[in-house]
$ cat data-v4.pdb   # PDB, C-alpha atoms
MODEL        1
ATOM      1  CA  MET A   9       3.618  93.230 -96.738
ATOM      2  CA  ALA A  10       2.173  90.611 -94.407
ATOM      3  CA  THR A  11      -1.053  91.469 -92.572
ATOM      4  CA  HIS A  12      -2.360  89.493 -89.606
ATOM      5  CA  GLU A  13      -5.482  89.885 -87.516
ATOM      6  CA  LEU A  14      -6.354  88.618 -84.034
ATOM      7  CA  LEU A  15      -9.993  88.704 -82.983
ATOM      8  CA  LEU A  16      -9.971  89.241 -79.208
ATOM      9  CA  ASP A  17     -12.709  89.762 -76.610
ATOM     10  CA  GLY A  18     -12.271  93.548 -76.506
ATOM     11  CA  GLY A  19     -11.689  94.151 -80.195
ATOM     12  CA  THR A  20      -9.434  93.374 -83.132
ATOM     13  CA  LEU A  21      -5.640  93.621 -83.093
ATOM     14  CA  GLU A  22      -4.147  93.948 -86.569
ATOM     15  CA  PHE A  23      -0.488  94.099 -87.454
ATOM     16  CA  GLU A  24       1.249  94.752 -90.721
ATOM     17  CA  ASP A  25       4.822  93.698 -91.252
ATOM     18  CA  ASP A  26       6.755  95.389 -94.041
ATOM     19  CA  GLY A  27       9.758  93.500 -95.276
ATOM     20  CA  GLU A  28      11.099  91.292 -97.965
ATOM     21  CA  TRP A  29      12.543  87.853 -98.541
ATOM     22  CA  VAL A  30      16.320  88.037 -98.953
ATOM     23  CA  ARG A  31      18.541  85.326-100.386
ATOM     24  CA  SER A  32      22.316  85.339-100.224
ATOM     25  CA  ASN A  33      24.514  84.235-103.123
ATOM     26  CA  LEU A  34      26.885  82.517-100.684
ATOM     27  CA  PRO A  35      26.373  78.841 -99.855
ATOM     28  CA  GLU A  36      25.412  77.891 -96.308
ATOM     29  CA  PRO A  37      26.358  74.826 -94.239
ATOM     30  CA  ASP A  38      24.235  71.770 -95.037
ATOM     31  CA  PRO A  39      22.831  70.314 -91.779
ATOM     32  CA  ALA A  40      22.245  66.964 -93.554
ATOM     33  CA  TRP A  41      25.877  66.618 -94.749
ATOM     34  CA  ARG A  42      27.691  63.313 -94.221
ATOM     35  CA  GLY A  43      31.086  62.381 -95.613
ATOM     36  CA  THR A  44      34.138  60.167 -95.260
ATOM     37  CA  ASP A  45      37.758  61.316 -95.400
ATOM     38  CA  SER A  46      40.407  59.408 -97.414
ATOM     39  CA  ASN A  47      41.256  57.312 -94.334
ATOM     40  CA  GLY A  48      37.681  56.028 -94.009
ATOM     41  CA  HIS A  49      36.708  58.153 -90.982
ATOM     42  CA  GLU A  50      33.047  59.169 -91.150
ATOM     43  CA  HIS A  51      32.032  62.780 -90.490
ATOM     44  CA  TYR A  52      28.668  64.527 -90.306
ATOM     45  CA  ALA A  53      26.882  67.773 -89.534
ATOM     46  CA  ALA A  54      24.401  68.251 -86.686
ATOM     47  CA  GLN A  55      21.955  70.995 -85.711
ATOM     48  CA  ALA A  56      23.345  73.030 -82.812
ATOM     49  CA  ASP A  57      21.534  75.419 -80.479
ATOM     50  CA  GLY A  58      20.017  78.401 -82.240
ATOM     51  CA  GLY A  59      19.725  76.527 -85.541
ATOM     52  CA  SER A  60      23.415  76.725 -86.433
ATOM     53  CA  VAL A  61      25.303  73.746 -87.849
ATOM     54  CA  ALA A  62      28.010  71.966 -85.833
ATOM     55  CA  TYR A  63      30.475  69.238 -86.791
ATOM     56  CA  PRO A  64      30.867  66.900 -83.796
ATOM     57  CA  THR A  65      33.372  64.617 -85.584
ATOM     58  CA  LEU A  66      35.678  67.442 -86.744
ATOM     59  CA  SER A  67      38.055  69.871 -85.032
ATOM     60  CA  ARG A  68      38.324  73.514 -86.057
ATOM     61  CA  VAL A  69      41.980  74.456 -86.557
ATOM     62  CA  ALA A  70      43.431  77.963 -86.852
ATOM     63  CA  GLY A  71      46.557  78.797 -88.813
ATOM     64  CA  GLU A  72      49.192  81.400 -88.008
ATOM     65  CA  PRO A  73      48.120  85.066 -88.187
ATOM     66  CA  TYR A  74      49.277  86.951 -91.290
ATOM     67  CA  TRP A  75      49.110  90.505 -92.584
ATOM     68  CA  CYS A  76      46.873  91.190 -95.599
ATOM     69  CA  VAL A  77      48.287  93.962 -97.802
ATOM     70  CA  ASP A  78      44.945  94.363 -99.649
ATOM     71  CA  CYS A  79      42.837  95.326 -96.633
ATOM     72  CA  GLN A  80      45.649  96.361 -94.297
ATOM     73  CA  ASP A  81      44.507  94.031 -91.538
ATOM     74  CA  GLU A  82      45.622  90.857 -89.794
ATOM     75  CA  HIS A  83      43.857  87.590 -90.690
ATOM     76  CA  VAL A  84      43.764  84.044 -89.331
ATOM     77  CA  ASP A  85      42.568  81.259 -91.637
ATOM     78  CA  THR A  86      40.572  78.403 -90.096
ATOM     79  CA  TRP A  87      39.559  74.993 -91.399
ATOM     80  CA  PHE A  88      38.224  71.654 -90.206
ATOM     81  CA  GLU A  89      40.367  68.569 -89.605
ATOM     82  CA  CYS A  90      39.676  64.988 -88.643
ATOM     83  CA  PRO A  91      40.933  64.719 -85.043
ATOM     84  CA  ARG A  92      41.984  61.094 -85.631
ATOM     85  CA  CYS A  93      44.166  61.490 -88.715
ATOM     86  CA  GLY A  94      44.620  65.262 -89.138
ATOM     87  CA  GLU A  95      43.260  65.340 -92.705
ATOM     88  CA  LYS A  96      41.594  68.605 -93.778
ATOM     89  CA  VAL A  97      37.865  68.069 -94.384
ATOM     90  CA  LYS A  98      35.570  70.485 -96.189
ATOM     91  CA  PRO A  99      31.967  70.019 -94.952
ATOM     92  CA  GLY A 100      29.144  70.105 -97.500
ATOM     93  CA  THR A 101      27.069  73.193 -98.277
ATOM     94  CA  ARG A 102      23.681  73.914 -99.817
ATOM     95  CA  SER A 103      21.997  76.791-101.608
ATOM     96  CA  PRO A 104      20.924  79.389 -99.065
ATOM     97  CA  ARG A 105      17.319  79.578 -98.008
ATOM     98  CA  PRO A 106      15.499  82.891 -98.165
ATOM     99  CA  VAL A 107      15.194  84.857 -94.919
ATOM    100  CA  TRP A 108      12.411  87.331 -94.093
ATOM    101  CA  VAL A 109      13.918  90.704 -93.217
ATOM    102  CA  SER A 110      11.401  92.876 -91.406
ATOM    103  CA  MET A 111      11.419  96.605 -92.069
ATOM    104  CA  GLY A 112       9.170  97.242 -89.083
ATOM    105  CA  ALA A 113       5.655  96.483 -88.001
ATOM    106  CA  ARG A 114       2.602  98.664 -87.473
ATOM    107  CA  TYR A 115      -0.169  97.751 -85.042
ATOM    108  CA  TYR A 116      -3.845  98.738 -85.008
ATOM    109  CA  TRP A 117      -6.431  98.251 -82.252
ATOM    110  CA  ASN A 118      -9.951  98.358 -83.695
ATOM    111  CA  GLY A 119      -8.562 100.193 -86.721
ATOM    112  CA  GLU A 120      -6.658 102.853 -84.717
ATOM    113  CA  PRO A 121      -2.820 102.907 -84.816
ATOM    114  CA  ILE A 122      -1.125 101.934 -81.529
ATOM    115  CA  SER A 123       2.476 101.584 -80.333
ATOM    116  CA  ASP A 124       4.455  98.330 -80.185
ATOM    117  CA  GLU A 125       4.334  98.543 -76.389
ATOM    118  CA  ARG A 126       0.534  98.831 -76.348
ATOM    119  CA  ALA A 127       0.221  95.890 -78.785
ATOM    120  CA  ASN A 128       2.444  93.791 -76.509
ATOM    121  CA  GLU A 129       0.291  94.751 -73.499
ATOM    122  CA  ILE A 130      -2.878  93.657 -75.348
ATOM    123  CA  ILE A 131      -1.274  90.334 -76.346
ATOM    124  CA  ALA A 132       0.007  89.710 -72.790
ATOM    125  CA  GLU A 133      -3.437  90.465 -71.314
ATOM    126  CA  GLN A 134      -5.130  88.133 -73.798
ATOM    127  CA  ARG A 135      -2.640  85.394 -72.934
ATOM    128  CA  ARG A 136      -3.307  85.908 -69.214
ATOM    129  CA  ILE A 137      -7.085  85.640 -69.816
ATOM    130  CA  GLU A 138      -6.659  82.444 -71.850
ATOM    131  CA  LEU A 139      -4.427  80.867 -69.193
ATOM    132  CA  GLU A 140      -6.849  81.825 -66.426
ATOM    133  CA  ALA A 141      -9.729  80.221 -68.337
ATOM    134  CA  ARG A 142      -7.752  76.969 -68.635
ATOM    135  CA  ARG A 143      -6.827  76.724 -64.923
ATOM    136  CA  LEU A 144      -8.263  73.689 -63.194
ATOM    137  CA  THR A 145     -10.611  74.189 -60.243
ATOM    138  CA  SER A 146     -11.048  70.550 -59.180
ATOM    139  CA  ARG A 147      -8.548  67.718 -58.900
ATOM    140  CA  PRO A 148      -8.285  65.884 -62.278
ATOM    141  CA  LYS A 149      -8.666  62.095 -62.592
ATOM    142  CA  ILE A 150      -5.596  59.874 -62.238
ATOM    143  CA  GLY A 151      -4.077  59.205 -65.646
ATOM    144  CA  SER A 152      -5.378  62.407 -67.235
ATOM    145  CA  ARG A 153      -3.011  64.743 -69.095
ATOM    146  CA  VAL A 154      -2.736  68.363 -67.957
ATOM    147  CA  GLY A 155      -0.528  71.345 -68.764
ATOM    148  CA  LEU A 156       1.745  73.271 -66.414
ATOM    149  CA  ALA A 157       0.863  76.934 -65.935
ATOM    150  CA  ALA A 158       4.497  77.784 -65.209
ATOM    151  CA  ASP A 159       5.412  76.566 -68.695
ATOM    152  CA  ASP A 160       2.530  78.437 -70.380
ATOM    153  CA  GLY A 161       0.751  75.141 -70.910
ATOM    154  CA  ASP A 162       3.298  73.883 -73.449
ATOM    155  CA  THR A 163       4.482  71.049 -71.203
ATOM    156  CA  SER A 164       2.060  68.207 -70.563
ATOM    157  CA  VAL A 165       2.282  65.952 -67.532
ATOM    158  CA  THR A 166       0.263  62.956 -66.339
ATOM    159  CA  VAL A 167      -1.723  62.996 -63.087
ATOM    160  CA  VAL A 168      -0.718  60.158 -60.734
ATOM    161  CA  PRO A 169      -2.106  59.130 -57.314
ATOM    162  CA  THR A 170      -1.541  61.839 -54.723
ATOM    163  CA  ALA A 171      -0.703  60.960 -51.118
ATOM    164  CA  GLU A 172      -3.773  60.777 -48.876
ATOM    165  CA  GLU A 173      -2.352  63.350 -46.452
ATOM    166  CA  ALA A 174      -1.866  65.912 -49.247
ATOM    167  CA  PRO A 175      -4.298  68.845 -49.187
ATOM    168  CA  GLN A 176      -7.179  68.727 -51.700
ATOM    169  CA  ASP A 177      -5.695  71.686 -53.577
ATOM    170  CA  GLN A 178      -2.504  69.742 -54.460
ATOM    171  CA  VAL A 179      -1.948  67.210 -57.240
ATOM    172  CA  THR A 180       0.964  64.850 -57.963
ATOM    173  CA  VAL A 181       2.090  64.673 -61.599
ATOM    174  CA  MET A 182       4.702  62.723 -63.565
ATOM    175  CA  HIS A 183       6.873  64.529 -66.143
ATOM    176  CA  ASP A 184       7.183  62.918 -69.570
ATOM    177  CA  GLY A 185      10.539  61.515 -70.537
ATOM    178  CA  THR A 186      12.121  61.760 -67.093
ATOM    179  CA  GLY A 187       9.501  60.047 -64.931
ATOM    180  CA  ARG A 188      10.132  62.738 -62.302
ATOM    181  CA  MET A 189       7.178  63.120 -59.931
ATOM    182  CA  GLU A 190       6.183  66.379 -58.337
ATOM    183  CA  THR A 191       3.320  67.526 -56.124
ATOM    184  CA  LEU A 192       1.998  70.914 -57.210
ATOM    185  CA  PRO A 193      -0.774  73.288 -56.220
ATOM    186  CA  LEU A 194      -3.908  72.763 -58.312
ATOM    187  CA  SER A 195      -3.608  76.400 -59.445
ATOM    188  CA  ASP A 196      -0.381  75.514 -61.341
ATOM    189  CA  LEU A 197      -2.261  73.107 -63.636
ATOM    190  CA  LEU A 198      -4.132  73.849 -66.847
ATOM    191  CA  SER A 199      -6.613  71.773 -68.807
ATOM    192  CA  ALA A 200      -4.914  69.966 -71.700
ATOM    193  CA  ARG A 201      -5.195  71.613 -75.124
TER
ENDMDL
END
$ encode --input "data-v4.pdb" --output "structure tokens"
Amino acid sequence: MATHELLLDGGTLEFEDDGEWVRSNLPEPDPAWRGTDSNGHEHYAAQADGGSVAYPTLSRVAGEPYWCVDCQDEHVDTWFECPRCGEKVKPGTRSPRPVWVSMGARYYWNGEPISDERANEIIAEQRRIELEARRLTSRPKIGSRVGLAADDGDTSVTVVPTAEEAPQDQVTVMHDGTGRMETLPLSDLLSAR
């Protein structure tokens, strides 16, 4: 059982999570796999959305459907092929990693049991209070880093010169990576963490 405690302004939120670590006996795709087929074509695995493993250099191919007499059901076998030469390629695997399987959580507010919904309300209120405390009330200096309230403060931007005709409660910022500039209300900005 894992027990966690959050000390908040109005009290203490505790939660206990019953569960166990589970490991499968079946191998799982290796996201670090690299290989070469017999024709010298290189293949590799890549992390896809959601943590799954994709094979950008391979094509998934499906065979003809067939009837399985053991389970009395129709099956279709699939495999990977090199799209350039058509050779079947078996991507690498690794030993599976353990996964935490939760059996349910219990929440306590100042030692008294509460529902999941009430715990979520307390957490949301605490988050709102923290965000409100980080909101800027005066225009930050040019070149300073600030967070965006719309992104819960996880995205940092850089303050750049704002047009002279812009109201005092607006600030122009530049987004990292894209260089996109945007003029926002001061209330949308948070002090950097």
$ resolve_selection --input "data-v4.pdb" --expression "the PyMOL selection byres ((chain A and resi 192-200) around 8)" --output "MDAnalysis selection string"
chainID A and resid 139 142:147 153:158 161 164 177:181 190:191 201
$ atom_distance --input "data-v4.pdb" --atom1 "atom CA of A:Thr166" --atom2 "atom CA of A:Met182"
5.2 Å
$ atom_distance --input "data-v4.pdb" --atom1 "atom CA of A:Tyr52" --atom2 "atom CA of A:Gly71"
22.9 Å
$ resolve_selection --input "data-v4.pdb" --expression "the PyMOL selection byres ((chain A and resi 106) around 6)" --output "list in words"
Trp29, Val30, Arg31, Arg105 and Val107 of chain A
$ resolve_selection --input "data-v4.pdb" --expression "the PyMOL selection byres ((chain A and resi 16) around 12)" --output "ChimeraX atom specification"
/A:13-15,17-22,117-118,130-135,137-138
$ closest_residue --input "data-v4.pdb" --among "A:Asn128, A:Thr170, A:Glu50, A:Gly100" --to "A:Pro148" --atoms "all atoms listed in the file"
A:Thr170
$ closest_residue --input "data-v4.pdb" --among "A:Val165, A:Ile150, A:Gly59, A:Tyr116" --to "A:Gly185" --atoms "all atoms listed in the file"
A:Val165
$ atom_distance --input "data-v4.pdb" --atom1 "atom CA of A:Arg188" --atom2 "atom CA of A:Glu140"
25.9 Å
$ closest_residue --input "data-v4.pdb" --among "A:Val61, A:Ala127, A:Val69, A:Ala113" --to "A:Ala40" --atoms "all atoms listed in the file"
A:Val61
$ axis_aligned_box --input "data-v4.pdb" --around "stretch 37-48 of chain A" --padding-each-side "6 Å" --output "AutoDock Vina command-line options"
--center_x 31.8 --center_y 65.4 --center_z -94.6 --size_x 31.0 --size_y 30.8 --size_z 17.6
